[in-house]
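Coordinates from run_21.cif are shown below (mmCIF, C-alpha atoms).
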```
data_target
#
loop_
_atom_site.label_atom_id
_atom_site.label_comp_id
_atom_site.auth_asym_id
_atom_site.auth_seq_id
_atom_site.Cartn_x
_atom_site.Cartn_y
_atom_site.Cartn_z
CA MET A 1 -10.75 97.75 -8.67
CA SER A 2 -11.38 98.67 -12.36
CA VAL A 3 -14.34 97.20 -14.16
CA PRO A 4 -13.39 95.53 -17.48
CA ARG A 5 -15.02 97.02 -20.53
CA PRO A 6 -17.19 94.74 -22.62
CA CYS A 7 -15.65 93.51 -25.83
CA VAL A 8 -17.28 95.27 -28.81
CA PRO A 9 -16.47 93.77 -32.22
CA LEU A 10 -14.97 96.29 -34.64
CA ARG A 11 -17.02 96.86 -37.72
CA LEU A 12 -14.43 97.16 -40.51
CA PRO A 13 -15.34 98.13 -44.02
CA TYR A 14 -15.58 95.18 -46.39
CA VAL A 15 -12.85 96.53 -48.65
CA PHE A 16 -10.43 97.02 -45.77
CA CYS A 17 -11.00 93.40 -44.56
CA ALA A 18 -10.26 92.06 -48.03
CA VAL A 19 -6.97 93.97 -48.20
CA LEU A 20 -6.02 92.69 -44.72
CA VAL A 21 -6.66 89.07 -45.78
CA LEU A 22 -4.41 89.48 -48.82
CA LEU A 23 -1.61 90.91 -46.73
CA LEU A 24 -1.76 88.03 -44.25
CA THR A 25 -1.79 85.44 -47.04
CA GLY A 26 1.47 86.79 -48.38
CA CYS A 27 3.35 85.89 -45.11
CA GLY A 28 3.26 82.20 -45.89
CA SER A 29 6.60 82.31 -47.74
CA GLY A 30 9.24 84.77 -46.68
CA GLY A 31 6.89 86.53 -44.29
CA LEU A 32 6.97 87.01 -40.51
CA PHE A 33 8.18 83.49 -39.57
CA GLY A 34 10.12 82.73 -42.78
CA THR A 35 13.84 82.78 -43.46
CA GLY A 36 13.45 86.04 -45.33
CA GLY A 37 11.76 87.91 -42.50
CA SER A 38 11.90 91.59 -41.77
CA ALA A 39 15.24 93.02 -40.81
CA ALA A 40 13.66 94.47 -37.70
CA LEU A 41 13.11 90.91 -36.33
CA LYS A 42 16.58 89.58 -37.00
CA GLY A 43 18.46 88.60 -33.84
CA THR A 44 15.32 88.55 -31.69
CA SER A 45 13.65 85.68 -29.92
CA GLY A 46 11.69 83.18 -31.94
CA ALA A 47 8.02 82.47 -31.50
CA SER A 48 8.68 80.43 -28.36
CA GLY A 49 10.57 83.22 -26.65
CA VAL A 50 13.82 81.20 -26.71
CA PRO A 51 16.79 82.98 -28.36
CA GLY A 52 17.72 81.40 -31.68
CA PRO A 53 19.85 82.02 -34.78
CA THR A 54 19.20 85.09 -36.89
CA GLY A 55 15.94 84.90 -38.76
CA THR A 56 14.96 81.47 -37.37
CA VAL A 57 12.56 80.22 -34.76
CA ALA A 58 14.16 78.45 -31.76
CA SER A 59 12.49 75.07 -31.33
CA PRO A 60 11.27 74.19 -27.85
CA PRO A 61 13.28 71.52 -26.02
CA ALA A 62 12.29 68.01 -26.98
CA ALA A 63 10.17 66.36 -24.33
CA SER A 64 11.66 63.33 -22.62
CA PRO A 65 9.90 60.12 -23.62
CA VAL A 66 7.52 58.91 -20.94
CA PRO A 67 7.54 55.12 -20.52
CA SER A 68 4.17 53.65 -21.15
CA SER A 69 2.72 51.25 -18.63
CA ALA A 70 1.11 49.45 -21.52
CA GLY A 71 4.43 48.78 -23.26
CA PRO A 72 6.21 45.41 -23.44
CA ALA A 73 7.27 43.93 -20.12
CA ALA A 74 10.90 43.95 -21.24
CA ALA A 75 10.77 47.73 -21.68
CA ARG A 76 9.70 48.34 -18.08
CA PRO A 77 12.31 48.31 -15.30
CA ARG A 78 12.04 45.27 -13.07
CA PRO A 79 12.43 45.69 -9.32
CA SER A 80 15.43 43.97 -7.79
CA PRO A 81 14.52 40.89 -5.78
CA ALA A 82 14.57 41.43 -2.03
CA PRO A 83 17.46 39.70 -0.24
CA PRO A 84 16.58 36.64 1.84
CA ARG A 85 15.36 37.55 5.31
CA GLU A 86 17.99 37.08 8.01
CA ILE A 87 17.33 35.97 11.58
CA PRO A 88 16.89 39.17 13.61
CA GLY A 89 19.35 39.89 16.39
CA LEU A 90 22.28 38.02 14.81
CA GLY A 91 25.45 39.69 13.56
CA PRO A 92 27.58 38.57 10.58
CA ARG A 93 29.91 36.34 12.61
CA THR A 94 27.05 34.52 14.31
CA ARG A 95 25.16 34.07 11.02
CA ALA A 96 28.31 32.72 9.36
CA ALA A 97 28.58 30.02 12.06
CA ILE A 98 25.21 28.52 11.07
CA PRO A 99 25.91 25.62 8.66
CA ALA A 100 24.84 26.26 5.07
CA GLY A 101 22.51 23.25 5.02
CA THR A 102 20.71 24.11 8.27
CA ARG A 103 16.98 24.80 7.90
CA GLN A 104 16.06 24.99 11.61
CA ALA A 105 17.70 27.34 14.10
CA PHE A 106 16.55 27.50 17.72
CA VAL A 107 17.72 30.95 18.86
CA VAL A 108 18.08 31.55 22.61
CA THR A 109 18.86 35.18 23.42
CA GLY A 110 19.93 36.17 26.94
CA GLU A 111 18.90 39.52 28.38
CA SER A 112 22.53 40.37 29.19
CA VAL A 113 25.87 38.63 29.63
CA ASP A 114 25.21 38.16 33.36
CA SER A 115 21.48 37.40 33.16
CA ASN A 116 19.96 33.94 33.64
CA ARG A 117 16.76 34.81 31.77
CA SER A 118 16.39 34.36 28.04
CA THR A 119 13.93 34.33 25.15
CA ALA A 120 13.76 31.43 22.67
CA VAL A 121 12.42 31.35 19.09
CA LEU A 122 12.57 28.60 16.47
CA TYR A 123 13.36 29.85 12.95
CA THR A 124 12.99 27.80 9.78
CA ARG A 125 13.74 28.20 6.08
CA ASP A 126 12.89 26.22 2.96
CA GLY A 127 16.45 25.92 1.67
CA PRO A 128 20.04 27.20 2.02
CA THR A 129 19.33 30.34 -0.03
CA ALA A 130 15.80 31.00 1.28
CA GLY A 131 14.89 33.54 3.93
CA TRP A 132 14.29 32.69 7.59
CA ARG A 133 10.88 32.92 9.27
CA ALA A 134 9.77 32.43 12.86
CA ALA A 135 7.94 29.13 13.39
CA MET A 136 6.47 30.19 16.72
CA ALA A 137 6.04 33.10 19.10
CA PRO A 138 8.89 33.79 21.57
CA TRP A 139 9.13 31.50 24.61
CA PRO A 140 10.60 32.44 27.99
CA ALA A 141 13.62 30.41 29.05
CA HIS A 142 16.28 30.12 31.75
CA ASN A 143 20.03 29.73 31.30
CA ALA A 144 22.93 29.41 33.75
CA LEU A 145 22.97 31.27 37.06
CA ASN A 146 25.87 33.59 36.13
CA GLY A 147 24.82 34.21 32.53
CA TRP A 148 26.88 33.50 29.41
CA THR A 149 30.48 32.98 28.34
CA ASP A 150 32.44 32.52 25.12
CA GLU A 151 34.77 30.10 26.93
CA HIS A 152 32.92 27.73 29.20
CA TRP A 153 34.74 25.90 32.01
CA GLU A 154 33.48 23.30 34.43
CA GLY A 155 31.84 24.93 37.45
CA ASP A 156 31.74 28.53 36.13
CA LEU A 157 27.91 28.43 36.23
CA ARG A 158 27.69 30.08 32.81
CA SER A 159 26.09 28.80 29.63
CA PRO A 160 28.39 28.47 26.61
CA SER A 161 27.49 30.94 23.85
CA GLY A 162 27.77 29.97 20.20
CA VAL A 163 26.16 27.85 17.49
CA PHE A 164 25.85 24.12 18.26
CA THR A 165 24.20 21.25 16.44
CA LEU A 166 21.26 19.30 17.90
CA THR A 167 21.43 15.58 17.13
CA ALA A 168 19.91 13.55 20.00
CA ALA A 169 17.25 13.62 22.70
CA GLY A 170 16.17 11.54 25.65
CA GLY A 171 14.33 11.54 28.93
CA ARG A 172 12.74 9.65 31.77
CA LEU A 173 9.26 9.75 30.21
CA ASP A 174 7.98 8.32 26.95
CA PRO A 175 8.68 10.80 24.19
CA PRO A 176 6.03 12.84 22.43
CA ALA A 177 5.85 12.44 18.65
CA THR A 178 9.41 13.29 17.57
CA ALA A 179 11.76 12.47 14.72
CA PHE A 180 14.79 12.72 17.01
CA PRO A 181 16.68 9.67 18.25
CA TYR A 182 15.31 9.40 21.77
CA ASP A 183 16.97 7.59 24.67
CA LEU A 184 14.26 6.57 27.14
CA SER A 185 16.05 5.80 30.40
CA PRO A 186 15.47 5.97 34.19
CA ASP A 187 18.98 7.42 34.43
CA PHE A 188 17.55 10.82 33.57
CA LYS A 189 16.12 11.00 37.08
CA VAL A 190 17.29 14.01 39.11
CA GLU A 191 16.78 15.07 42.72
CA GLY A 192 17.72 17.96 44.98
CA GLU A 193 17.03 21.69 44.86
CA GLY A 194 17.88 24.53 42.53
CA PHE A 195 19.57 27.81 43.36
CA HIS A 196 16.32 29.31 44.64
CA GLY A 197 15.34 26.25 46.65
CA GLU A 198 13.01 24.95 43.91
CA PRO A 199 12.81 21.14 43.47
CA LEU A 200 14.74 19.73 40.50
CA GLU A 201 12.64 16.59 40.18
CA GLY A 202 11.25 16.15 36.68
CA SER A 203 13.76 18.52 35.04
CA PHE A 204 15.16 15.71 32.89
CA ASP A 205 11.86 14.13 31.92
CA TYR A 206 12.57 15.47 28.42
CA VAL A 207 15.98 16.68 27.24
CA ILE A 208 17.67 17.61 23.97
CA ALA A 209 21.45 17.37 23.98
CA ILE A 210 23.39 20.48 22.88
CA ASP A 211 26.51 19.41 21.02
CA TYR A 212 28.95 21.36 23.16
CA ASN A 213 31.99 19.24 24.16
CA ARG A 214 30.28 15.95 23.33
CA LEU A 215 30.06 13.41 20.51
CA PRO A 216 27.17 14.38 18.22
CA GLY A 217 24.55 11.70 17.69
CA THR A 218 25.18 9.86 20.94
CA SER A 219 22.78 9.66 23.89
CA PRO A 220 22.61 12.79 26.04
CA LEU A 221 23.93 10.52 28.82
CA ASP A 222 27.22 9.92 26.96
CA HIS A 223 30.07 11.37 29.03
CA THR A 224 32.71 11.64 26.31
CA ARG A 225 34.31 15.11 26.46
CA PRO A 226 36.43 15.80 23.33
CA LEU A 227 37.64 19.15 24.72
CA GLY A 228 38.50 17.63 28.13
CA GLU A 229 36.59 17.30 31.37
CA GLU A 230 37.73 20.73 32.53
CA ARG A 231 35.70 22.37 29.73
CA GLY A 232 32.44 21.08 31.17
CA GLY A 233 29.70 19.17 29.41
CA GLY A 234 26.21 17.76 29.78
CA ILE A 235 24.73 20.98 28.35
CA TRP A 236 21.10 20.28 27.47
CA ILE A 237 17.76 21.86 26.74
CA HIS A 238 15.55 20.45 29.48
CA VAL A 239 12.36 21.02 31.47
CA ASP A 240 12.38 24.26 33.47
CA HIS A 241 12.35 23.90 37.26
CA GLY A 242 11.55 27.54 37.94
CA GLY A 243 15.07 28.95 38.32
CA PRO A 244 18.50 29.30 36.71
CA THR A 245 20.52 26.29 35.61
CA GLN A 246 24.14 25.24 36.00
CA GLY A 247 24.81 25.68 32.27
CA CYS A 248 21.78 24.36 30.38
CA VAL A 249 18.80 26.06 28.74
CA SER A 250 15.39 25.23 30.22
CA LEU A 251 11.82 25.53 28.91
CA THR A 252 8.46 24.73 30.44
CA GLU A 253 7.36 21.11 30.00
CA ASP A 254 4.73 21.89 27.37
CA ARG A 255 7.28 23.89 25.36
CA MET A 256 9.77 21.02 25.56
CA LYS A 257 7.19 18.64 24.13
CA GLU A 258 6.36 21.11 21.37
CA LEU A 259 10.02 21.64 20.50
CA LEU A 260 10.64 17.89 20.32
CA GLY A 261 7.75 17.64 17.87
CA LEU A 262 9.03 20.49 15.72
CA LEU A 263 12.72 19.66 15.43
CA ASP A 264 13.61 17.46 12.48
CA PRO A 265 17.09 15.90 12.19
CA ALA A 266 16.71 15.90 8.39
CA GLN A 267 16.81 19.71 8.52
CA ASP A 268 20.16 19.79 10.40
CA PRO A 269 18.88 21.84 13.35
CA VAL A 270 21.17 23.98 15.47
CA ILE A 271 20.84 26.04 18.62
CA VAL A 272 22.14 29.63 18.49
CA MET A 273 22.62 30.76 22.08
CA GLY A 274 24.18 33.64 23.97
CA ASP A 275 23.51 37.08 25.37
CA ALA A 276 22.00 39.64 23.01
CA GLU A 277 25.20 41.68 22.66
CA SER A 278 27.35 38.65 21.84
CA LEU A 279 24.92 37.34 19.21
CA LEU A 280 25.08 40.68 17.38
CA ARG A 281 28.76 40.18 16.57
#
```
Could you show the structure in this file as structure tokens?
Amino acid sequence: MSVPRPCVPLRLPYVFCAVLVLLLTGCGSGGLFGTGGSAALKGTSGASGVPGPTGTVASPPAASPVPSSAGPAAARPRPSPAPPREIPGLGPRTRAAIPAGTRQAFVVTGESVDSNRSTAVLYTRDGPTAGWRAAMAPWPAHNALNGWTDEHWEGDLRSPSGVFTLTAAGGRLDPPATAFPYDLSPDFKVEGEGFHGEPLEGSFDYVIAIDYNRLPGTSPLDHTRPLGEERGGGIWIHVDHGGPTQGCVSLTEDRMKELLGLLDPAQDPVIVMGDAESLLR
């Protein structure tokens, strides 16, 4: 490695320095960088090293203006507003079936088309164009023994999938605090055993009618079947008895009470129900 030599200032005679200053002063007009430069420099690069016209200096490219963060708000780009949050797990066809004015959607998602186990979540929004948000953590639920179907028939032991309004409730016990029309009646009594031998008693202590093949707004006990008796009916949300249902959705008793307190008919609530694959359509 070579060792750099120390810089030693040249001691020039005074007269020589004066002559050098005069020569440099004369380059201000028509000198080295002027339009009348030496013929030996014509056609070469300008001071910047960028090729330019004969006898001229090529100007460096103009720098792009950098927006100032301190400039007017109108001069700064505004981020696009984020689209309203959709309910997760729902495809375009299912979302389109939710009425525009609905602000509460109770979503029951089956594990598979043949499964009788589901997960339920209540979603709410502040208005028709606002995003959805979960109003509670997921709850476990049961559905029909044989799973789900897009075309329910009496006795198929499948829960109908789709989007249905919720307009009435009832039960054998006094209702918790609820805004829903509530039909208190001893006729909600049920006996017998479920598919796993579990007792059914108390399953209808609290129910919410699902408006599948029934007249909305009537008591859950109303037996009118607009689609015909062969298409089944009496599809409710009711108290879980520890096993699959014949077509209903069931929740534990404490969850049923909580749901009755949360649902508000003024917010046009619906239930969105079906197996996970079907709801993604």
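Using the PyMOL selection byres ((chain A and resi 201) around 12) on the file at hand returns these residues: Arg172, Phe188, Lys189, Val190, Glu191, Gly192, Glu193, Gly194, Gly197, Glu198, Pro199, Leu200, Gly202, Ser203, Phe204, Asp205, Tyr206, His238, Val239, Asp240, His241 and Gly242 of chain A.
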Could you save those same residues with C-alpha atoms as an mmCIF file, keeping the file's coordinate frame?
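Listed below is the output, result06.cif:
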```
data_model
loop_
_atom_site.group_PDB
_atom_site.id
_atom_site.type_symbol
_atom_site.label_atom_id
_atom_site.label_comp_id
_atom_site.auth_asym_id
_atom_site.auth_seq_id
_atom_site.Cartn_x
_atom_site.Cartn_y
_atom_site.Cartn_z
ATOM 1 C CA ARG A 172 12.740 9.650 31.770
ATOM 2 C CA PHE A 188 17.550 10.820 33.570
ATOM 3 C CA LYS A 189 16.120 11.000 37.080
ATOM 4 C CA VAL A 190 17.290 14.010 39.110
ATOM 5 C CA GLU A 191 16.780 15.070 42.720
ATOM 6 C CA GLY A 192 17.720 17.960 44.980
ATOM 7 C CA GLU A 193 17.030 21.690 44.860
ATOM 8 C CA GLY A 194 17.880 24.530 42.530
ATOM 9 C CA GLY A 197 15.340 26.250 46.650
ATOM 10 C CA GLU A 198 13.010 24.950 43.910
ATOM 11 C CA PRO A 199 12.810 21.140 43.470
ATOM 12 C CA LEU A 200 14.740 19.730 40.500
ATOM 13 C CA GLY A 202 11.250 16.150 36.680
ATOM 14 C CA SER A 203 13.760 18.520 35.040
ATOM 15 C CA PHE A 204 15.160 15.710 32.890
ATOM 16 C CA ASP A 205 11.860 14.130 31.920
ATOM 17 C CA TYR A 206 12.570 15.470 28.420
ATOM 18 C CA HIS A 238 15.550 20.450 29.480
ATOM 19 C CA VAL A 239 12.360 21.020 31.470
ATOM 20 C CA ASP A 240 12.380 24.260 33.470
ATOM 21 C CA HIS A 241 12.350 23.900 37.260
ATOM 22 C CA GLY A 242 11.550 27.540 37.940
#
```
Check your understanding: Pick the closest to Val207 in chain A from A:Arg95, A:Arg85, A:His223, A:Lys257: which is it, counting all atoms listed in the file?
Key -> A:Lys257
Point to revise | Of the listed residues A:Leu166, A:Leu145, A:Met136, A:Leu279, that which approaches Gly243 in chain A most closely, counting only C-alpha atoms | key: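 Between A:Leu166, A:Leu145, A:Met136, A:Leu279, the residue approaching Gly243 in chain A most closely is A:Leu145.
CA of Glu230 in chain A sits 9.1 Å away from CA of His152 in chain A.
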**Study point:** Of the listed residues A:Gly217, A:Gly110, A:Gly131, A:Gly91, that which approaches Arg158 in chain A most closely, counting only C-alpha atoms
**Key:**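 Comparing A:Gly217, A:Gly110, A:Gly131, A:Gly91 against Arg158 in chain A, the winner is A:Gly110.
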